[in-house]
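**Student:** Just so it is clear, I am handing over my_file15.cif, which has mmCIF, C-alpha atoms.
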```
data_structure
#
loop_
_atom_site.group_PDB
_atom_site.id
_atom_site.type_symbol
_atom_site.label_atom_id
_atom_site.label_comp_id
_atom_site.auth_asym_id
_atom_site.auth_seq_id
_atom_site.Cartn_x
_atom_site.Cartn_y
_atom_site.Cartn_z
ATOM 1 C CA MET A 410 108.222 36.792 135.614
ATOM 2 C CA SER A 411 105.785 37.604 138.335
ATOM 3 C CA ALA A 412 102.655 36.170 136.769
ATOM 4 C CA SER A 413 101.728 33.961 139.672
ATOM 5 C CA SER A 414 97.962 34.057 139.717
ATOM 6 C CA THR A 415 96.012 31.184 138.265
ATOM 7 C CA SER A 416 93.323 33.398 136.794
ATOM 8 C CA PRO A 417 93.765 33.698 133.045
ATOM 9 C CA VAL A 418 95.313 37.048 132.245
ATOM 10 C CA GLY A 419 95.145 38.084 128.627
ATOM 11 C CA ILE A 420 98.174 37.782 126.402
ATOM 12 C CA ASP A 421 99.191 39.782 123.364
ATOM 13 C CA PRO A 422 97.660 37.774 120.468
ATOM 14 C CA ARG A 423 100.728 38.524 118.348
ATOM 15 C CA SER A 424 102.969 36.591 120.728
ATOM 16 C CA PRO A 425 101.719 33.060 119.894
ATOM 17 C CA ARG A 426 101.617 34.002 116.207
ATOM 18 C CA PHE A 427 105.249 35.039 116.383
ATOM 19 C CA GLY A 428 106.115 31.745 118.091
ATOM 20 C CA ALA A 429 104.143 29.765 115.501
ATOM 21 C CA GLY A 430 106.191 31.484 112.804
ATOM 22 C CA ILE A 431 109.458 30.259 114.336
ATOM 23 C CA THR A 432 107.957 26.787 114.726
ATOM 24 C CA ALA A 433 106.822 26.748 111.085
ATOM 25 C CA VAL A 434 110.315 27.627 109.853
ATOM 26 C CA LEU A 435 111.921 24.970 112.079
ATOM 27 C CA LEU A 436 109.454 22.364 110.773
ATOM 28 C CA LEU A 437 110.446 23.223 107.197
ATOM 29 C CA VAL A 438 114.070 22.667 108.214
ATOM 30 C CA VAL A 439 113.071 19.230 109.568
ATOM 31 C CA ILE A 440 111.446 18.386 106.228
ATOM 32 C CA GLY A 441 114.487 19.635 104.306
ATOM 33 C CA LEU A 442 116.862 17.576 106.428
ATOM 34 C CA ALA A 443 114.723 14.423 106.288
ATOM 35 C CA LEU A 444 114.355 14.594 102.505
ATOM 36 C CA SER A 445 118.082 15.207 102.099
ATOM 37 C CA GLY A 446 118.938 11.979 103.873
ATOM 38 C CA ALA A 447 119.872 13.602 107.165
ATOM 39 C CA ASP A 448 117.294 11.586 109.099
ATOM 40 C CA LEU A 449 119.115 11.690 112.383
ATOM 41 C CA ALA A 450 119.489 15.458 112.399
ATOM 42 C CA ALA A 451 115.837 15.809 111.344
ATOM 43 C CA ALA A 452 114.691 13.518 114.163
ATOM 44 C CA TRP A 453 116.686 15.410 116.798
ATOM 45 C CA LEU A 454 115.416 18.765 115.612
ATOM 46 C CA LEU A 455 111.875 17.383 115.799
ATOM 47 C CA VAL A 456 112.598 16.190 119.355
ATOM 48 C CA ALA A 457 113.622 19.747 120.221
ATOM 49 C CA ILE A 458 110.426 21.094 118.647
ATOM 50 C CA ALA A 459 108.427 18.509 120.620
ATOM 51 C CA ALA A 460 110.114 19.680 123.833
ATOM 52 C CA LEU A 461 109.117 23.277 123.054
ATOM 53 C CA PHE A 462 105.532 22.201 122.323
ATOM 54 C CA ALA A 463 105.491 20.286 125.623
ATOM 55 C CA TRP A 464 106.720 23.380 127.428
ATOM 56 C CA GLY A 465 103.892 25.438 125.957
ATOM 57 C CA ALA A 466 101.277 22.753 126.512
ATOM 58 C CA PHE A 467 102.115 21.878 130.108
ATOM 59 C CA ARG A 468 103.450 25.130 131.518
ATOM 60 C CA GLY A 469 101.057 27.314 129.531
ATOM 61 C CA ILE A 470 101.693 29.497 126.528
ATOM 62 C CA ARG A 471 102.707 32.448 128.703
ATOM 63 C CA LYS A 472 105.742 30.543 129.976
ATOM 64 C CA HIS A 473 106.884 29.593 126.467
ATOM 65 C CA PRO A 474 110.447 30.682 125.565
ATOM 66 C CA TYR A 475 109.213 32.198 122.291
ATOM 67 C CA GLY A 476 106.897 34.371 124.377
ATOM 68 C CA ALA A 477 109.931 35.655 126.279
ATOM 69 C CA ILE A 478 111.720 36.415 122.991
ATOM 70 C CA PHE A 479 108.617 38.212 121.772
ATOM 71 C CA ARG A 480 108.370 40.323 124.910
ATOM 72 C CA ARG A 481 112.052 41.207 124.890
ATOM 73 C CA LEU A 482 112.760 41.784 121.210
ATOM 74 C CA ILE A 483 109.532 42.207 119.258
ATOM 75 C CA ARG A 484 106.893 43.798 121.417
ATOM 76 C CA PRO A 485 108.914 46.946 122.251
ATOM 77 C CA ARG A 486 108.977 47.655 118.510
ATOM 78 C CA LEU A 487 105.216 47.278 118.059
ATOM 79 C CA SER A 488 102.298 49.416 119.087
ATOM 80 C CA PRO A 489 100.442 48.182 122.169
ATOM 81 C CA PRO A 490 97.977 45.381 121.449
ATOM 82 C CA THR A 491 94.459 46.558 120.685
ATOM 83 C CA GLU A 492 93.050 43.624 122.601
ATOM 84 C CA LEU A 493 94.285 40.823 124.793
ATOM 85 C CA GLU A 494 93.613 37.174 124.158
ATOM 86 C CA ASP A 495 92.781 34.265 126.409
ATOM 87 C CA PRO A 496 95.882 32.015 126.735
ATOM 88 C CA THR A 497 93.783 28.815 126.608
ATOM 89 C CA PRO A 498 93.432 28.493 122.803
ATOM 90 C CA PRO A 499 97.160 28.796 121.985
ATOM 91 C CA THR A 500 98.000 26.480 124.884
ATOM 92 C CA PHE A 501 95.611 23.899 123.414
ATOM 93 C CA ALA A 502 97.259 24.326 120.010
ATOM 94 C CA GLN A 503 100.651 23.570 121.601
ATOM 95 C CA GLY A 504 99.211 20.297 122.881
ATOM 96 C CA VAL A 505 97.939 19.402 119.420
ATOM 97 C CA GLY A 506 101.355 20.184 117.956
ATOM 98 C CA LEU A 507 103.011 18.018 120.591
ATOM 99 C CA PHE A 508 100.681 15.115 119.808
ATOM 100 C CA VAL A 509 101.302 15.271 116.049
ATOM 101 C CA VAL A 510 105.078 15.551 116.401
ATOM 102 C CA VAL A 511 105.324 12.760 118.988
ATOM 103 C CA VAL A 512 103.268 10.421 116.791
ATOM 104 C CA GLY A 513 105.646 11.196 113.919
ATOM 105 C CA LEU A 514 108.713 10.505 116.061
ATOM 106 C CA VAL A 515 107.311 7.220 117.385
ATOM 107 C CA LEU A 516 106.427 6.018 113.876
ATOM 108 C CA HIS A 517 109.883 7.062 112.690
ATOM 109 C CA VAL A 518 111.564 5.059 115.444
ATOM 110 C CA LEU A 519 109.366 2.102 114.472
ATOM 111 C CA GLY A 520 110.757 2.400 110.965
ATOM 112 C CA VAL A 521 107.771 3.862 109.116
ATOM 113 C CA PRO A 522 109.167 5.624 106.038
ATOM 114 C CA LEU A 523 108.490 9.367 105.698
ATOM 115 C CA ALA A 524 106.933 9.526 109.181
ATOM 116 C CA LEU A 525 109.083 12.539 110.068
ATOM 117 C CA VAL A 526 108.208 14.353 106.858
ATOM 118 C CA VAL A 527 104.454 13.727 107.115
ATOM 119 C CA ALA A 528 104.250 14.702 110.783
ATOM 120 C CA ALA A 529 106.378 17.809 110.253
ATOM 121 C CA ALA A 530 104.262 18.775 107.223
ATOM 122 C CA ALA A 531 101.009 18.416 109.186
ATOM 123 C CA ALA A 532 102.379 20.472 112.072
ATOM 124 C CA PHE A 533 103.765 23.009 109.599
ATOM 125 C CA LEU A 534 100.343 23.571 108.021
ATOM 126 C CA ALA A 535 98.786 24.343 111.390
ATOM 127 C CA ALA A 536 101.675 26.552 112.534
ATOM 128 C CA PHE A 537 101.835 28.449 109.235
ATOM 129 C CA LEU A 538 98.075 29.079 109.119
ATOM 130 C CA ASN A 539 98.122 30.166 112.731
ATOM 131 C CA SER A 540 101.041 32.515 112.231
ATOM 132 C CA VAL A 541 100.140 34.064 108.879
ATOM 133 C CA PHE A 542 96.343 33.932 108.879
ATOM 134 C CA ALA A 543 95.551 33.899 112.624
ATOM 135 C CA TYR A 544 93.849 30.566 112.057
ATOM 136 C CA CYS A 545 92.665 29.014 115.308
ATOM 137 C CA LEU A 546 93.247 25.274 115.385
ATOM 138 C CA GLY A 547 91.324 24.738 118.603
ATOM 139 C CA CYS A 548 88.247 26.316 117.036
ATOM 140 C CA GLN A 549 87.754 23.287 114.834
ATOM 141 C CA LEU A 550 89.652 20.436 116.427
ATOM 142 C CA TYR A 551 88.348 20.932 119.933
ATOM 143 C CA LEU A 552 84.773 20.714 118.729
ATOM 144 C CA LEU A 553 85.485 17.455 116.942
ATOM 145 C CA LEU A 554 86.874 16.086 120.216
ATOM 146 C CA VAL A 555 83.811 17.296 122.077
ATOM 147 C CA ARG A 556 81.564 15.641 119.527
ATOM 148 C CA ALA A 557 83.570 12.455 119.719
ATOM 149 C CA GLY A 558 82.980 12.521 123.463
ATOM 150 C CA ALA A 559 86.679 12.615 124.239
ATOM 151 C CA LEU A 560 86.392 15.611 126.519
ATOM 152 C CA ARG A 561 83.435 14.721 128.662
ATOM 153 C CA ARG A 562 85.634 13.872 131.625
ATOM 154 C CA LYS A 563 85.948 17.475 132.814
ATOM 155 C CA VAL A 564 82.381 18.477 133.539
ATOM 156 C CA PRO A 565 82.348 21.403 135.953
ATOM 157 C CA PRO A 566 79.866 21.378 138.818
ATOM 158 C CA ARG A 567 77.826 24.203 137.327
ATOM 159 C CA ALA A 568 76.823 22.114 134.320
ATOM 160 C CA PRO A 569 74.011 19.827 135.376
ATOM 161 C CA GLY A 570 73.070 16.764 133.399
ATOM 162 C CA VAL A 571 72.154 17.811 129.912
ATOM 163 C CA ALA A 572 69.282 15.894 128.504
ATOM 164 C CA MET B 360 119.401 19.954 99.972
ATOM 165 C CA ASN B 361 118.284 18.089 96.896
ATOM 166 C CA ALA B 362 115.589 19.003 94.402
ATOM 167 C CA THR B 363 112.930 16.852 96.091
ATOM 168 C CA ALA B 364 113.414 18.663 99.376
ATOM 169 C CA VAL B 365 113.271 22.097 97.773
ATOM 170 C CA LEU B 366 110.175 21.248 95.727
ATOM 171 C CA THR B 367 108.427 19.740 98.739
ATOM 172 C CA ILE B 368 109.069 22.810 100.859
ATOM 173 C CA VAL B 369 108.009 25.257 98.151
ATOM 174 C CA GLY B 370 104.901 23.174 97.411
ATOM 175 C CA LEU B 371 104.000 22.989 101.067
ATOM 176 C CA VAL B 372 104.279 26.749 101.549
ATOM 177 C CA LEU B 373 102.152 27.378 98.446
ATOM 178 C CA PHE B 374 99.562 24.830 99.556
ATOM 179 C CA ALA B 375 99.392 26.346 103.044
ATOM 180 C CA THR B 376 98.990 29.826 101.546
ATOM 181 C CA LEU B 377 96.143 28.648 99.319
ATOM 182 C CA LEU B 378 94.440 26.965 102.275
ATOM 183 C CA GLY B 379 94.799 30.136 104.302
ATOM 184 C CA LEU B 380 93.380 32.346 101.558
ATOM 185 C CA LEU B 381 90.455 29.959 101.085
ATOM 186 C CA TRP B 382 89.795 29.941 104.811
ATOM 187 C CA ARG B 383 89.989 33.721 105.044
ATOM 188 C CA TRP B 384 87.626 34.077 102.087
ATOM 189 C CA ARG B 385 85.034 31.752 103.584
ATOM 190 C CA THR B 386 85.152 32.722 107.218
ATOM 191 C CA GLY B 387 82.679 35.136 108.775
ATOM 192 C CA ARG B 388 80.221 35.318 105.881
ATOM 193 C CA VAL B 389 76.505 35.169 106.458
ATOM 194 C CA GLU B 390 75.033 32.184 104.648
ATOM 195 C CA THR B 391 71.319 32.557 104.310
ATOM 196 C CA SER B 392 69.275 29.579 105.200
ATOM 197 C CA ARG B 393 65.722 28.717 106.009
ATOM 198 C CA ASP B 394 66.405 25.955 108.313
ATOM 199 C CA THR B 395 64.976 24.333 111.293
ATOM 200 C CA ARG B 396 63.393 26.062 114.197
ATOM 201 C CA VAL B 397 65.589 26.328 117.272
ATOM 202 C CA ASP B 398 63.786 25.338 120.402
ATOM 203 C CA LEU B 399 66.060 26.072 123.333
ATOM 204 C CA PRO B 400 65.163 27.420 126.771
ATOM 205 C CA GLU B 401 67.818 30.113 126.294
ATOM 206 C CA ILE B 402 65.924 31.666 123.378
ATOM 207 C CA SER B 403 63.455 34.341 124.404
ATOM 208 C CA ALA B 404 60.077 34.209 122.724
ATOM 209 C CA ASP B 405 59.833 37.997 122.892
ATOM 210 C CA ALA B 406 62.889 38.717 120.777
ATOM 211 C CA SER B 407 62.337 39.839 117.209
ATOM 212 C CA ALA B 408 65.716 38.355 116.309
ATOM 213 C CA THR B 409 68.310 36.342 118.205
ATOM 214 C CA LEU B 410 72.052 36.088 117.598
ATOM 215 C CA LEU B 411 72.767 32.587 118.844
ATOM 216 C CA GLN B 412 76.513 32.144 119.322
ATOM 217 C CA PHE B 413 78.201 28.809 119.962
ATOM 218 C CA SER B 414 81.603 28.972 121.644
ATOM 219 C CA THR B 415 84.183 26.896 123.460
ATOM 220 C CA ALA B 416 86.936 27.813 125.887
ATOM 221 C CA VAL B 417 89.758 27.119 123.424
ATOM 222 C CA CYS B 418 88.490 29.509 120.785
ATOM 223 C CA ALA B 419 90.440 32.737 120.296
ATOM 224 C CA PRO B 420 87.901 34.577 118.057
ATOM 225 C CA CYS B 421 84.964 33.741 120.358
ATOM 226 C CA LYS B 422 85.655 36.644 122.696
ATOM 227 C CA PRO B 423 85.713 39.396 120.040
ATOM 228 C CA THR B 424 82.637 37.754 118.499
ATOM 229 C CA ARG B 425 80.892 37.976 121.859
ATOM 230 C CA VAL B 426 81.729 41.682 122.066
ATOM 231 C CA LEU B 427 80.467 42.349 118.529
ATOM 232 C CA LEU B 428 77.205 40.432 118.947
ATOM 233 C CA ALA B 429 76.509 41.991 122.336
ATOM 234 C CA SER B 430 76.985 45.467 120.876
ATOM 235 C CA LEU B 431 74.628 44.657 117.994
ATOM 236 C CA ALA B 432 72.055 43.388 120.484
ATOM 237 C CA ASP B 433 72.409 46.669 122.347
ATOM 238 C CA GLU B 434 72.073 48.717 119.225
ATOM 239 C CA TYR B 435 69.004 47.090 117.710
ATOM 240 C CA ALA B 436 65.867 46.993 119.808
ATOM 241 C CA GLY B 437 64.386 43.530 120.081
ATOM 242 C CA VAL B 438 67.627 41.748 119.177
ATOM 243 C CA GLU B 439 69.054 39.389 121.756
ATOM 244 C CA HIS B 440 72.441 37.756 122.010
ATOM 245 C CA VAL B 441 72.755 34.262 123.474
ATOM 246 C CA ASP B 442 76.137 32.584 123.904
ATOM 247 C CA ILE B 443 76.297 28.833 124.528
ATOM 248 C CA ASP B 444 79.508 27.007 125.458
ATOM 249 C CA LEU B 445 79.506 23.745 123.533
ATOM 250 C CA THR B 446 82.133 22.062 125.701
ATOM 251 C CA HIS B 447 79.451 20.321 127.708
ATOM 252 C CA ARG B 448 76.754 20.394 125.066
ATOM 253 C CA ALA B 449 78.004 17.938 122.477
ATOM 254 C CA ASP B 450 74.341 17.181 121.775
ATOM 255 C CA LEU B 451 73.833 20.732 120.480
ATOM 256 C CA ALA B 452 76.996 20.584 118.339
ATOM 257 C CA ALA B 453 75.622 17.462 116.693
ATOM 258 C CA ARG B 454 72.088 18.801 116.393
ATOM 259 C CA PHE B 455 73.145 21.955 114.554
ATOM 260 C CA ASN B 456 76.048 20.300 112.776
ATOM 261 C CA ILE B 457 78.565 22.736 114.188
ATOM 262 C CA LEU B 458 82.102 22.076 113.004
ATOM 263 C CA GLN B 459 83.835 25.209 114.244
ATOM 264 C CA THR B 460 83.554 27.895 116.869
ATOM 265 C CA PRO B 461 82.400 30.519 116.875
ATOM 266 C CA THR B 462 79.361 29.600 114.829
ATOM 267 C CA THR B 463 76.521 32.095 114.947
ATOM 268 C CA LEU B 464 72.937 31.380 113.992
ATOM 269 C CA LEU B 465 70.713 34.280 113.111
ATOM 270 C CA LEU B 466 67.205 33.480 114.288
ATOM 271 C CA ASP B 467 64.042 35.349 113.426
ATOM 272 C CA GLY B 468 61.297 36.142 115.918
ATOM 273 C CA GLY B 469 59.851 32.676 115.539
ATOM 274 C CA GLY B 470 63.175 31.024 116.333
ATOM 275 C CA VAL B 471 63.719 29.873 112.754
ATOM 276 C CA VAL B 472 67.323 29.834 111.533
ATOM 277 C CA ARG B 473 67.631 32.489 108.823
ATOM 278 C CA GLY B 474 71.387 32.826 108.617
ATOM 279 C CA ARG B 475 74.510 31.005 109.663
ATOM 280 C CA ILE B 476 78.013 32.379 110.172
ATOM 281 C CA GLY B 477 81.071 30.174 110.584
ATOM 282 C CA GLY B 478 83.995 31.930 112.253
ATOM 283 C CA ALA B 479 84.222 35.502 113.495
ATOM 284 C CA PRO B 480 81.348 37.354 111.781
ATOM 285 C CA ARG B 481 82.017 40.228 109.410
ATOM 286 C CA ALA B 482 80.269 43.076 111.155
ATOM 287 C CA HIS B 483 79.124 44.746 107.960
ATOM 288 C CA ASP B 484 77.581 41.561 106.491
ATOM 289 C CA LEU B 485 75.891 40.667 109.730
ATOM 290 C CA ARG B 486 74.433 44.155 110.119
ATOM 291 C CA ALA B 487 73.009 43.936 106.597
ATOM 292 C CA ALA B 488 71.481 40.522 107.236
ATOM 293 C CA LEU B 489 70.073 41.668 110.542
ATOM 294 C CA GLU B 490 68.481 44.738 109.010
ATOM 295 C CA ILE B 491 66.888 42.711 106.247
ATOM 296 C CA LEU B 492 65.555 40.328 108.847
ATOM 297 C CA LEU B 493 64.174 43.087 111.020
ATOM 298 C CA ASP B 494 62.875 44.789 107.874
ATOM 299 C CA THR B 495 63.581 47.902 109.748
ATOM 300 C CA ARG B 496 62.799 51.494 109.933
ATOM 301 C CA HIS B 497 66.293 51.636 111.335
ATOM 302 C CA THR B 498 67.468 53.932 108.567
ATOM 303 C CA ASP B 499 68.600 56.855 110.677
ATOM 304 C CA ARG B 500 71.663 55.042 111.941
ATOM 305 C CA THR B 501 74.386 57.392 113.008
ATOM 306 C CA PRO B 502 77.423 57.078 110.770
ATOM 307 C CA SER B 503 80.149 55.064 112.418
#
```
What would you get if you wrote out this structure as structure tokens?
**Tutor:**
Amino acid sequence: MSASSTSPVGIDPRSPRFGAGITAVLLLVVIGLALSGADLAAAWLLVAIAALFAWGAFRGIRKHPYGAIFRRLIRPRLSPPTELEDPTPPTFAQGVGLFVVVVGLVLHVLGVPLALVVAAAAAFLAAFLNSVFAYCLGCQLYLLLVRAGALRRKVPPRAPGVA
Amino acid sequence: MNATAVLTIVGLVLFATLLGLLWRWRTGRVETSRDTRVDLPEISADASATLLQFSTAVCAPCKPTRVLLASLADEYAGVEHVDIDLTHRADLAARFNILQTPTTLLLDGGGVVRGRIGGAPRAHDLRAALEILLDTRHTDRTPS
């Protein structure tokens, strides 16, 4: 763990896909538990998933525990990656996952029926598509946020006023 | 687990698989269009065709797309590659109705949109569209 520089170093694109696969399976377990009447267990598992999303979103995808599992157990069995990927997109996706799951948990605590199931299902779709099809959530969602003006706060100095 | 839970999970996995297959089938294709003219300072008037790529920072396939389009621009004389980050150009995203990145517009020499590609372009399709557009004598391409 000596990655100390702040410059984005590429990551193996298979690492976040591996992590998304674990997340997708865990989200199915949440749905199974919630629909079997084990609401409390489902809620706590979703809290754990939220904590993992938060880890990825705030500390960066390279610090994610699933990334460590990938490096230790999976990557030695694979051929070297043909290309490296920018860590920003998967880190953004972790933030989206965190948002969806937290909304579900809050609604569940407020007593909204099926909130856990719906939130877990939405997060599952994104995680599954990401893992199996290399679908990039940020590619679509981020643009919607840009168009909605939600991301205009971080204008770098090199971008002058755009008419 | 009860039957509802099992059916929900199986249904969800099937639905996600269908969505994924649909997405994979649609992404990267060249849709022909005879759209508006693009009038941007980034577009060179001398180019006989321009590959206009729209990207953002949180877009994993944008980088490989950039590499592909730059290599095509190198390969074909008169073709230029322009990459615009939409993060601070929400106006452009709205103007060209861009819903995903990368989106690539294939412009002819007059700056008119002749093709549109959502997602990472399929190299073979794009090459074909480009060659039709250039109407080329570029037939002696070395086999790749």
**Student:** Quick one, how far is atom CA of A:Asn539 from atom CA of A:Asp448?
**Tutor:**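 Straight-line distance from atom CA of A:Asn539 to atom CA of A:Asp448 works out to 26.9 Å.
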**Student:** Select all residues from chain A having any atom no more than 9 Å from an atom of chain B (counting only C-alpha atoms, ignoring ligands), output as a ChimeraX atom specification.
**Tutor:** /A:422,437-438,440-446,492,494-502,530,533-535,537-538,541-542,544-553,555-558,560-561,563-565,568,571-572
**Student:** Applied to this file, what does the PyMOL selection byres ((chain B and resi 388) around 10) return in terms of residues, put as an MDAnalysis selection string?
**Tutor:** chainID B and resid 383:387 389:391 474:485
**Student:** Just to confirm, what's the straight-line distance from atom CA of A:Trp464 to atom CA of A:Arg484 in Å (one decimal)?
**Tutor:**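 Distance reported for this atom pair: 21.3 Å.
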**Student:** Return as JSON the centre and edge lengths, in Å with one decimal, of the box along x, y and z that encloses every atom of stretch 408-416 of chain B in the file, padded by 5 Å per side.
**Tutor:**
```
{"center_x": 76.3, "center_y": 32.6, "center_z": 121.1, "size_x": 31.2, "size_y": 21.5, "size_z": 19.6}
```
**Student:** Compare B:Val471, B:Val438, B:Ala487, B:Leu493 by their minimum atom-to-atom distance to B:Arg393, counting all atoms listed in the file, and give me the closest one.
**Tutor:**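 Closest candidate: B:Val471.
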**Student:** Quick one, how far is atom CA of B:Ala432 from atom CA of B:Ile491?
**Tutor:**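 Atom-to-atom, atom CA of B:Ala432 to atom CA of B:Ile491, that is 15.2 Å.
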**Student:** Point out the residue among A:Leu487, A:Ala536, A:Val526, A:Leu493 with the least atom-to-atom distance to A:Ile431, counting only C-alpha atoms.
**Tutor:**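 Among the listed residues, A:Ala536 lies closest to A:Ile431.
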**Student:** Here's a test: counting all atoms listed in the file, identify every protein, DNA and RNA residue with an atom at most 12 Å from (108.0, 22.7, 127.8) in the file's coordinate frame, and state them as a list in words.
**Tutor:** Val456, Ala457, Ile458, Ala459, Ala460, Leu461, Phe462, Ala463, Trp464, Gly465, Ala466, Phe467, Arg468, Gly469, Ile470, Arg471, Lys472, His473, Pro474, Tyr475, Thr500, Gln503, Gly504 and Leu507 of chain A
**Student:** At a cut-off of 8 Å, using all atoms listed in the file, what residues contact A:Phe427? Leave out same-chain residues fewer than 2 positions from it and give the result as a list in words.
**Tutor:**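 Counting all atoms listed in the file, the residues come to Arg423, Ser424, Pro425, Ala429, Gly430, Ile431, Tyr475, Phe479 and Ser540 of chain A.
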**Student:** Could you state which residues are captured by the PyMOL selection byres ((chain B and resi 429) around 12) in this file, as number ranges by chain?
**Tutor:** B: 409-412, 421-428, 430-435, 438-442, 482
**Student:** With the file shown as input, list the residues that the PyMOL selection byres ((chain A and resi 525) around 9) selects, as a PyMOL selection string.
**Tutor:** chain A and resi 439-440+443+448+451-452+455+510+513-514+516-517+521-524+526-530
